[in-house]
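Undergrad: Contents of protein10.pdb (PDB, C-alpha atoms, pLDDT in the B column):
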```pdb
ATOM      1  CA  ARG A 781       0.000   0.000   0.000  1.00 50.00           C
ATOM      2  CA  LYS A 782       1.066   3.571  -0.519  1.00 45.00           C
ATOM      3  CA  GLU A 783       0.671   6.240   2.087  1.00 47.00           C
ATOM      4  CA  GLU A 784       1.076   9.921   1.387  1.00 45.00           C
ATOM      5  CA  THR A 785       2.620  12.098   4.073  1.00 47.00           C
ATOM      6  CA  ASP A 786       2.658  15.878   4.093  1.00 51.00           C
ATOM      7  CA  ASP A 787       6.067  17.503   4.136  1.00 51.00           C
ATOM      8  CA  ASP A 788       7.067  21.158   4.328  1.00 49.00           C
ATOM      9  CA  ASP A 789       8.397  21.093   0.777  1.00 49.00           C
ATOM     10  CA  ASP A 790       6.633  18.278  -1.073  1.00 49.00           C
ATOM     11  CA  ASP A 791       4.618  15.110  -0.669  1.00 50.00           C
ATOM     12  CA  GLU A 792       6.455  11.896  -0.015  1.00 51.00           C
ATOM     13  CA  GLU A 793       5.193   8.446  -0.889  1.00 55.00           C
ATOM     14  CA  GLN A 794       6.041   5.559   1.405  1.00 61.00           C
ATOM     15  CA  MET A 795       5.541   1.880   0.619  1.00 78.00           C
ATOM     16  CA  ILE A 796       3.975   0.112   3.590  1.00 91.00           C
ATOM     17  CA  THR A 797       3.870  -3.669   3.788  1.00 95.00           C
ATOM     18  CA  THR A 798       0.425  -4.797   4.931  1.00 96.00           C
ATOM     19  CA  VAL A 799       0.222  -8.115   6.765  1.00 97.00           C
ATOM     20  CA  VAL A 800      -3.129  -9.517   7.931  1.00 98.00           C
ATOM     21  CA  ASP A 801      -3.628 -12.185  10.592  1.00 98.00           C
ATOM     22  CA  SER A 802      -6.760 -13.862   9.227  1.00 98.00           C
ATOM     23  CA  THR A 803      -6.842 -16.845  11.593  1.00 97.00           C
ATOM     24  CA  TRP A 804     -10.372 -15.984  12.720  1.00 97.00           C
ATOM     25  CA  ALA A 805     -11.572 -15.605   9.123  1.00 97.00           C
ATOM     26  CA  PRO A 806     -10.219 -18.526   7.039  1.00 97.00           C
ATOM     27  CA  PRO A 807     -10.046 -18.331   3.221  1.00 96.00           C
ATOM     28  CA  CYS A 808     -13.544 -19.659   2.609  1.00 94.00           C
ATOM     29  CA  ILE A 809     -14.811 -16.533   4.421  1.00 96.00           C
ATOM     30  CA  THR A 810     -12.212 -13.850   3.746  1.00 97.00           C
ATOM     31  CA  GLN A 811      -9.273 -13.602   1.331  1.00 97.00           C
ATOM     32  CA  PRO A 812      -7.237 -10.522   2.357  1.00 97.00           C
ATOM     33  CA  ILE A 813      -4.786 -10.858  -0.560  1.00 97.00           C
ATOM     34  CA  LEU A 814      -7.637 -10.194  -2.987  1.00 96.00           C
ATOM     35  CA  ILE A 815      -8.430  -6.912  -1.214  1.00 94.00           C
ATOM     36  CA  GLY A 816      -4.866  -5.605  -1.162  1.00 94.00           C
ATOM     37  CA  ALA A 817      -2.880  -7.309   1.616  1.00 97.00           C
ATOM     38  CA  ASP A 818       0.775  -8.110   0.914  1.00 97.00           C
ATOM     39  CA  ALA A 819       0.791 -11.202   3.136  1.00 98.00           C
ATOM     40  CA  VAL A 820      -1.657 -13.207   5.211  1.00 98.00           C
ATOM     41  CA  LEU A 821      -0.942 -15.174   8.389  1.00 97.00           C
ATOM     42  CA  HIS A 822      -2.919 -18.159   9.650  1.00 97.00           C
ATOM     43  CA  SER A 823      -2.470 -20.220  12.763  1.00 97.00           C
ATOM     44  CA  GLY A 824      -3.021 -23.659  11.257  1.00 96.00           C
ATOM     45  CA  THR A 825      -3.449 -24.900  14.814  1.00 96.00           C
ATOM     46  CA  LYS A 826      -6.917 -23.360  14.841  1.00 97.00           C
ATOM     47  CA  TYR A 827      -9.493 -23.622  12.017  1.00 98.00           C
ATOM     48  CA  PHE A 828      -7.247 -25.197   9.369  1.00 98.00           C
ATOM     49  CA  GLY A 829      -6.437 -28.208  11.547  1.00 97.00           C
ATOM     50  CA  GLY A 830      -9.790 -27.972  13.261  1.00 97.00           C
ATOM     51  CA  HIS A 831      -9.275 -30.713  15.849  1.00 96.00           C
ATOM     52  CA  SER A 832      -6.957 -29.028  18.399  1.00 94.00           C
ATOM     53  CA  ASP A 833      -4.093 -31.413  17.601  1.00 95.00           C
ATOM     54  CA  VAL A 834      -1.797 -29.418  15.283  1.00 95.00           C
ATOM     55  CA  LEU A 835       1.117 -27.043  15.870  1.00 95.00           C
ATOM     56  CA  LEU A 836       1.549 -25.137  12.616  1.00 95.00           C
ATOM     57  CA  GLY A 837       1.600 -21.620  11.180  1.00 95.00           C
ATOM     58  CA  LEU A 838       1.252 -20.398   7.597  1.00 94.00           C
ATOM     59  CA  VAL A 839       2.197 -17.305   5.610  1.00 96.00           C
ATOM     60  CA  SER A 840       0.739 -16.615   2.164  1.00 96.00           C
ATOM     61  CA  CYS A 841       2.347 -13.867   0.068  1.00 97.00           C
ATOM     62  CA  SER A 842       0.546 -11.828  -2.556  1.00 97.00           C
ATOM     63  CA  PRO A 843       1.581 -12.417  -6.181  1.00 97.00           C
ATOM     64  CA  PHE A 844       0.040  -9.047  -7.059  1.00 96.00           C
ATOM     65  CA  THR A 845       2.075  -6.556  -4.965  1.00 95.00           C
ATOM     66  CA  SER A 846       5.784  -5.739  -4.936  1.00 94.00           C
ATOM     67  CA  SER A 847       6.034  -6.321  -1.179  1.00 95.00           C
ATOM     68  CA  GLY A 848       4.258  -9.658  -1.499  1.00 96.00           C
ATOM     69  CA  LYS A 849       6.567 -10.793  -4.290  1.00 96.00           C
ATOM     70  CA  SER A 850       9.596  -9.715  -2.263  1.00 95.00           C
ATOM     71  CA  LEU A 851       8.426 -11.587   0.838  1.00 96.00           C
ATOM     72  CA  SER A 852       7.811 -14.727  -1.200  1.00 96.00           C
ATOM     73  CA  GLN A 853      11.527 -14.720  -2.086  1.00 95.00           C
ATOM     74  CA  ILE A 854      12.729 -13.985   1.446  1.00 95.00           C
ATOM     75  CA  LEU A 855      10.644 -16.438   3.476  1.00 94.00           C
ATOM     76  CA  PRO A 856      11.995 -19.666   1.914  1.00 92.00           C
ATOM     77  CA  THR A 857      15.495 -18.491   2.840  1.00 92.00           C
ATOM     78  CA  VAL A 858      14.380 -17.942   6.435  1.00 90.00           C
ATOM     79  CA  GLN A 859      12.884 -21.424   6.487  1.00 89.00           C
ATOM     80  CA  SER A 860      16.026 -23.087   5.160  1.00 90.00           C
ATOM     81  CA  THR A 861      18.478 -21.166   7.360  1.00 92.00           C
ATOM     82  CA  VAL A 862      16.508 -20.964  10.607  1.00 90.00           C
ATOM     83  CA  GLY A 863      14.538 -24.178  10.294  1.00 85.00           C
ATOM     84  CA  ALA A 864      11.098 -22.620  10.759  1.00 80.00           C
ATOM     85  CA  VAL A 865       9.170 -25.457   9.149  1.00 89.00           C
ATOM     86  CA  ALA A 866       6.342 -27.656  10.377  1.00 91.00           C
ATOM     87  CA  SER A 867       6.761 -31.378  10.960  1.00 93.00           C
ATOM     88  CA  PRO A 868       5.483 -33.782   8.271  1.00 95.00           C
ATOM     89  CA  PHE A 869       2.858 -35.137  10.661  1.00 97.00           C
ATOM     90  CA  ASP A 870       1.515 -31.657  11.477  1.00 97.00           C
ATOM     91  CA  CYS A 871       1.336 -30.938   7.736  1.00 97.00           C
ATOM     92  CA  TRP A 872      -0.627 -34.157   7.211  1.00 97.00           C
ATOM     93  CA  LEU A 873      -3.026 -33.307  10.043  1.00 97.00           C
ATOM     94  CA  THR A 874      -3.592 -29.848   8.576  1.00 97.00           C
ATOM     95  CA  LEU A 875      -4.293 -31.271   5.116  1.00 97.00           C
ATOM     96  CA  ARG A 876      -6.781 -33.650   6.730  1.00 96.00           C
ATOM     97  CA  GLY A 877      -8.471 -30.717   8.478  1.00 97.00           C
ATOM     98  CA  LEU A 878      -8.668 -28.648   5.299  1.00 97.00           C
ATOM     99  CA  ARG A 879     -10.893 -31.301   3.730  1.00 97.00           C
ATOM    100  CA  THR A 880     -13.688 -30.423   6.157  1.00 97.00           C
ATOM    101  CA  LEU A 881     -12.909 -26.715   6.711  1.00 98.00           C
ATOM    102  CA  HIS A 882     -15.823 -25.424   4.647  1.00 97.00           C
ATOM    103  CA  VAL A 883     -18.522 -27.570   6.267  1.00 97.00           C
ATOM    104  CA  ARG A 884     -17.140 -27.038   9.780  1.00 98.00           C
ATOM    105  CA  LEU A 885     -16.962 -23.298   9.332  1.00 98.00           C
ATOM    106  CA  GLN A 886     -20.470 -23.120   7.894  1.00 98.00           C
ATOM    107  CA  LYS A 887     -21.840 -24.785  11.032  1.00 98.00           C
ATOM    108  CA  GLN A 888     -19.704 -22.688  13.374  1.00 98.00           C
ATOM    109  CA  CYS A 889     -20.689 -19.407  11.717  1.00 98.00           C
ATOM    110  CA  GLN A 890     -24.393 -20.245  11.745  1.00 98.00           C
ATOM    111  CA  THR A 891     -24.246 -21.263  15.397  1.00 98.00           C
ATOM    112  CA  ALA A 892     -22.206 -18.186  16.359  1.00 98.00           C
ATOM    113  CA  LEU A 893     -24.762 -15.835  14.798  1.00 98.00           C
ATOM    114  CA  SER A 894     -27.621 -17.641  16.529  1.00 98.00           C
ATOM    115  CA  LEU A 895     -25.816 -17.478  19.890  1.00 98.00           C
ATOM    116  CA  ALA A 896     -24.968 -13.796  19.392  1.00 98.00           C
ATOM    117  CA  LYS A 897     -28.641 -12.960  18.801  1.00 98.00           C
ATOM    118  CA  PHE A 898     -29.647 -15.076  21.794  1.00 98.00           C
ATOM    119  CA  LEU A 899     -27.142 -13.393  24.112  1.00 98.00           C
ATOM    120  CA  ASP A 900     -27.979  -9.945  22.747  1.00 98.00           C
ATOM    121  CA  ASN A 901     -31.498 -10.397  24.105  1.00 98.00           C
ATOM    122  CA  HIS A 902     -30.523 -12.020  27.404  1.00 98.00           C
ATOM    123  CA  ALA A 903     -31.394 -10.132  30.576  1.00 97.00           C
ATOM    124  CA  HIS A 904     -28.022 -10.830  32.227  1.00 98.00           C
ATOM    125  CA  VAL A 905     -25.833  -9.810  29.276  1.00 98.00           C
ATOM    126  CA  SER A 906     -24.878  -6.162  28.892  1.00 98.00           C
ATOM    127  CA  LYS A 907     -23.126  -6.272  25.499  1.00 98.00           C
ATOM    128  CA  VAL A 908     -22.351  -8.699  22.654  1.00 98.00           C
ATOM    129  CA  HIS A 909     -19.432  -8.336  20.237  1.00 98.00           C
ATOM    130  CA  TYR A 910     -20.027 -10.126  16.925  1.00 98.00           C
ATOM    131  CA  PRO A 911     -19.722  -8.588  13.437  1.00 98.00           C
ATOM    132  CA  GLY A 912     -22.766 -10.508  12.241  1.00 98.00           C
ATOM    133  CA  LEU A 913     -25.039  -8.380  14.420  1.00 98.00           C
ATOM    134  CA  THR A 914     -26.382  -5.301  12.651  1.00 97.00           C
ATOM    135  CA  SER A 915     -25.653  -3.332  15.830  1.00 96.00           C
ATOM    136  CA  HIS A 916     -21.910  -4.022  15.514  1.00 97.00           C
ATOM    137  CA  PRO A 917     -20.039  -0.846  14.464  1.00 97.00           C
ATOM    138  CA  GLN A 918     -18.139  -2.677  11.687  1.00 97.00           C
ATOM    139  CA  HIS A 919     -21.046  -4.789  10.450  1.00 98.00           C
ATOM    140  CA  SER A 920     -21.166  -3.110   7.032  1.00 97.00           C
ATOM    141  CA  ILE A 921     -17.408  -3.635   6.499  1.00 97.00           C
ATOM    142  CA  ALA A 922     -17.654  -7.274   7.567  1.00 97.00           C
ATOM    143  CA  SER A 923     -20.560  -7.798   5.182  1.00 97.00           C
ATOM    144  CA  LYS A 924     -18.403  -6.605   2.284  1.00 96.00           C
ATOM    145  CA  GLN A 925     -15.316  -8.613   3.201  1.00 95.00           C
ATOM    146  CA  MET A 926     -16.824 -11.863   4.525  1.00 96.00           C
ATOM    147  CA  LYS A 927     -18.552 -14.241   2.111  1.00 94.00           C
ATOM    148  CA  TYR A 928     -21.881 -16.069   2.305  1.00 95.00           C
ATOM    149  CA  GLY A 929     -23.120 -14.036   5.269  1.00 95.00           C
ATOM    150  CA  TRP A 930     -20.665 -15.969   7.444  1.00 97.00           C
ATOM    151  CA  TYR A 931     -19.103 -13.797  10.139  1.00 98.00           C
ATOM    152  CA  GLY A 932     -16.798 -16.270  11.835  1.00 98.00           C
ATOM    153  CA  GLY A 933     -17.079 -18.638  14.767  1.00 98.00           C
ATOM    154  CA  MET A 934     -15.718 -16.257  17.418  1.00 98.00           C
ATOM    155  CA  LEU A 935     -17.782 -13.950  19.618  1.00 98.00           C
ATOM    156  CA  SER A 936     -17.553 -12.299  22.994  1.00 98.00           C
ATOM    157  CA  PHE A 937     -20.049 -10.886  25.435  1.00 98.00           C
ATOM    158  CA  GLU A 938     -19.959  -8.788  28.568  1.00 98.00           C
ATOM    159  CA  VAL A 939     -21.685  -9.199  31.892  1.00 98.00           C
ATOM    160  CA  SER A 940     -21.896  -6.831  34.840  1.00 97.00           C
ATOM    161  CA  SER A 941     -18.629  -7.631  36.625  1.00 97.00           C
ATOM    162  CA  GLU A 942     -15.491  -9.758  36.748  1.00 96.00           C
ATOM    163  CA  GLU A 943     -17.026 -11.844  39.513  1.00 97.00           C
ATOM    164  CA  MET A 944     -20.077 -12.507  37.372  1.00 98.00           C
ATOM    165  CA  ALA A 945     -17.956 -13.395  34.323  1.00 98.00           C
ATOM    166  CA  CYS A 946     -15.857 -15.912  36.252  1.00 97.00           C
ATOM    167  CA  ALA A 947     -19.009 -17.436  37.742  1.00 98.00           C
ATOM    168  CA  VAL A 948     -20.502 -17.897  34.258  1.00 98.00           C
ATOM    169  CA  ALA A 949     -17.300 -19.531  32.963  1.00 98.00           C
ATOM    170  CA  GLY A 950     -17.288 -21.863  35.936  1.00 97.00           C
ATOM    171  CA  ALA A 951     -20.952 -22.835  35.650  1.00 98.00           C
ATOM    172  CA  VAL A 952     -21.120 -24.060  32.047  1.00 98.00           C
ATOM    173  CA  LYS A 953     -21.416 -27.817  31.505  1.00 98.00           C
ATOM    174  CA  THR A 954     -21.531 -28.465  27.755  1.00 98.00           C
ATOM    175  CA  ILE A 955     -19.125 -25.644  26.934  1.00 98.00           C
ATOM    176  CA  GLN A 956     -15.542 -26.149  28.095  1.00 97.00           C
ATOM    177  CA  ARG A 957     -13.439 -23.519  29.838  1.00 96.00           C
ATOM    178  CA  ALA A 958     -10.174 -23.261  27.904  1.00 95.00           C
ATOM    179  CA  THR A 959      -7.927 -20.890  25.935  1.00 91.00           C
ATOM    180  CA  SER A 960      -7.994 -21.892  22.301  1.00 93.00           C
ATOM    181  CA  LEU A 961     -10.258 -21.603  19.276  1.00 97.00           C
ATOM    182  CA  GLY A 962     -11.286 -23.163  15.981  1.00 97.00           C
ATOM    183  CA  GLY A 963     -11.791 -26.711  17.217  1.00 97.00           C
ATOM    184  CA  THR A 964     -14.825 -28.983  17.270  1.00 97.00           C
ATOM    185  CA  GLU A 965     -15.701 -28.164  20.888  1.00 98.00           C
ATOM    186  CA  THR A 966     -17.158 -24.859  22.089  1.00 98.00           C
ATOM    187  CA  LEU A 967     -14.806 -23.058  24.488  1.00 98.00           C
ATOM    188  CA  ILE A 968     -15.250 -20.109  26.844  1.00 98.00           C
ATOM    189  CA  GLU A 969     -12.653 -18.052  28.660  1.00 97.00           C
ATOM    190  CA  HIS A 970     -12.440 -14.984  30.864  1.00 97.00           C
ATOM    191  CA  ARG A 971      -9.876 -12.946  28.947  1.00 94.00           C
ATOM    192  CA  ALA A 972      -8.788 -10.561  31.713  1.00 95.00           C
ATOM    193  CA  SER A 973      -7.749 -13.516  33.907  1.00 93.00           C
ATOM    194  CA  ILE A 974      -5.128 -14.726  31.442  1.00 91.00           C
ATOM    195  CA  GLU A 975      -3.698 -11.355  30.410  1.00 92.00           C
ATOM    196  CA  PRO A 976      -0.414 -10.270  32.029  1.00 91.00           C
ATOM    197  CA  ILE A 977      -0.606  -8.274  35.237  1.00 88.00           C
ATOM    198  CA  GLY A 978      -0.339  -4.590  34.424  1.00 89.00           C
ATOM    199  CA  ARG A 979      -1.315  -5.162  30.779  1.00 90.00           C
ATOM    200  CA  VAL A 980      -4.956  -6.183  31.075  1.00 90.00           C
ATOM    201  CA  THR A 981      -6.797  -4.692  28.104  1.00 94.00           C
ATOM    202  CA  SER A 982     -10.043  -6.690  28.034  1.00 96.00           C
ATOM    203  CA  PRO A 983     -13.096  -5.446  29.946  1.00 96.00           C
ATOM    204  CA  LEU A 984     -13.254  -7.257  33.280  1.00 96.00           C
ATOM    205  CA  GLY A 985     -16.712  -8.609  32.551  1.00 97.00           C
ATOM    206  CA  LEU A 986     -15.878  -9.954  29.078  1.00 98.00           C
ATOM    207  CA  LEU A 987     -16.095 -13.633  28.111  1.00 98.00           C
ATOM    208  CA  ARG A 988     -14.757 -14.953  24.789  1.00 98.00           C
ATOM    209  CA  VAL A 989     -16.455 -17.877  23.063  1.00 98.00           C
ATOM    210  CA  SER A 990     -15.052 -20.098  20.311  1.00 98.00           C
ATOM    211  CA  VAL A 991     -18.044 -21.884  18.793  1.00 98.00           C
ATOM    212  CA  GLY A 992     -17.703 -25.575  18.020  1.00 98.00           C
ATOM    213  CA  LEU A 993     -19.942 -28.153  16.348  1.00 98.00           C
ATOM    214  CA  GLU A 994     -22.440 -28.898  19.116  1.00 98.00           C
ATOM    215  CA  ASP A 995     -26.168 -28.382  18.596  1.00 98.00           C
ATOM    216  CA  VAL A 996     -26.959 -24.699  18.950  1.00 98.00           C
ATOM    217  CA  GLU A 997     -29.930 -25.313  21.256  1.00 98.00           C
ATOM    218  CA  ASP A 998     -27.712 -27.277  23.666  1.00 98.00           C
ATOM    219  CA  LEU A 999     -25.327 -24.308  23.786  1.00 98.00           C
ATOM    220  CA  LYS A1000     -28.143 -21.844  24.410  1.00 98.00           C
ATOM    221  CA  VAL A1001     -29.461 -23.960  27.278  1.00 98.00           C
ATOM    222  CA  ASP A1002     -25.963 -24.201  28.746  1.00 98.00           C
ATOM    223  CA  LEU A1003     -25.306 -20.446  28.556  1.00 98.00           C
ATOM    224  CA  ASP A1004     -28.736 -19.583  29.908  1.00 98.00           C
ATOM    225  CA  MET A1005     -28.241 -21.943  32.833  1.00 98.00           C
ATOM    226  CA  ALA A1006     -24.758 -20.570  33.553  1.00 98.00           C
ATOM    227  CA  LEU A1007     -25.935 -16.947  33.413  1.00 98.00           C
ATOM    228  CA  ASN A1008     -28.832 -17.638  35.772  1.00 98.00           C
ATOM    229  CA  VAL A1009     -26.670 -19.626  38.197  1.00 98.00           C
ATOM    230  CA  ALA A1010     -23.965 -16.945  38.172  1.00 98.00           C
ATOM    231  CA  THR A1011     -26.548 -14.235  38.863  1.00 97.00           C
ATOM    232  CA  ARG A1012     -27.812 -16.098  41.916  1.00 96.00           C
ATOM    233  CA  VAL A1013     -24.284 -16.800  43.185  1.00 95.00           C
ATOM    234  CA  VAL A1014     -23.105 -13.206  42.797  1.00 95.00           C
ATOM    235  CA  SER A1015     -26.233 -11.714  44.364  1.00 93.00           C
ATOM    236  CA  SER A1016     -26.255 -14.092  47.347  1.00 84.00           C
TER
END
```
For the file at hand, write its structure as structure tokens.
TA:
Amino acid sequence: RKEETDDDDDDEEQMITTVVDSTWAPPCITQPILIGADAVLHSGTKYFGGHSDVLLGLVSCSPFTSSGKSLSQILPTVQSTVGAVASPFDCWLTLRGLRTLHVRLQKQCQTALSLAKFLDNHAHVSKVHYPGLTSHPQHSIASKQMKYGWYGGMLSFEVSSEEMACAVAGAVKTIQRATSLGGTETLIEHRASIEPIGRVTSPLGLLRVSVGLEDVEDLKVDLDMALNVATRVVSS
């Protein structure tokens, strides 16, 4: 990308390399290279593998931009000299996961949107963050960049306090409390609890959810139960 900067004498053009981490929006939803990115990162451990059993990362370089072409020449040298390559078994597991990526993601996106709407109308939830909701400030941008009306399998929501959030995370039964995403099981985590002391950036009442492949009604029942239990515990 080019960025123009004002100077006292004349304008100066600077070439800026644009790299997008699109782990949360795999290629069947979003393709950043086609909208101008020089390179795209993916944690293959997440949606590509899809079964929480892979340790692998990927970089795709644009064949359309000068920075992308340059990176595509540099990265193989880094791999050969530093040894930053995945194991054959992890590559095989990722290829296996890619065969079902589209159908898994379709289910996860549909469930995530349904859960977001459910939580958005729940009495004990103060705010829901999901680009598929029309109330989300970047909904129109997401609608342009994300295909099929799929807005990803990740969402977060806020409750009244940190105590309430931790109680909700501890009360779920079907959903598992863990820090990961993109797998077959639905996970929940209290973000502020795992962020470094002194560098907590998440709202204290925020819970992050990675949607899996369970039945959406089972997940709604589980979240509703956890929210009601947490409300009673905190108010007692």
Undergrad: Could you tell me which residues the PyMOL selection byres ((chain A and resi 907) around 10) returns for this structure, as a PyMOL selection string?
TA: chain A and resi 896+899-902+904-906+908-910+936-940+985-986
Undergrad: A:Thr797, A:Thr954, A:Ser941, A:Asn1008: which is nearest Pro983 in chain A, counting only C-alpha atoms?
TA: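 Residue with the minimum atom-to-atom distance to Pro983 in chain A: A:Ser941.
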Undergrad: Considering all atoms listed in the file, return as JSON, numbers by chain whatever protein or nucleic-acid residues lie within 12 Å of Arg971 in chain A, sequence-local ones (same chain, fewer than 5 positions apart) excluded.
TA: {"A": [936, 937, 938, 942, 945, 946, 949, 957, 958, 959, 960, 976, 979, 980, 981, 982, 983, 984, 985, 986, 987, 988, 989]}
Undergrad: Could you write out as a VMD selection string the residues that the PyMOL selection byres ((chain A and resi 829-835) around 10) matches in the shown file?
TA: chain A and resid 823 to 828 836 to 837 866 to 867 869 to 881 884 to 885 960 to 965 992
Undergrad: Apply the PyMOL selection byres ((chain A and resi 912) around 9) to the displayed file and report the matching residues as a list in words.
TA: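 Taken on the displayed file, the PyMOL selection byres ((chain A and resi 912) around 9) yields the residues Ala892, Leu893, Ala896, His909, Tyr910, Pro911, Leu913, Thr914, Ser915, His916, His919, Ala922, Ser923, Gly929, Trp930, Tyr931 and Gly932 of chain A.
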Undergrad: Work out how far CA of Cys889 in chain A is from CA of Ser973 in chain A, in Å to one decimal.
TA: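 Atom-to-atom, CA of Ser973 in chain A to CA of Cys889 in chain A, that is 26.4 Å.
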Undergrad: Using all atoms listed in the file, find the one residue out of A:Val820, A:Ala972, A:Leu895, A:Ala1010 that sits nearest to Val996 in chain A.
TA: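 Comparing A:Val820, A:Ala972, A:Leu895, A:Ala1010 against Val996 in chain A, the winner is A:Leu895.
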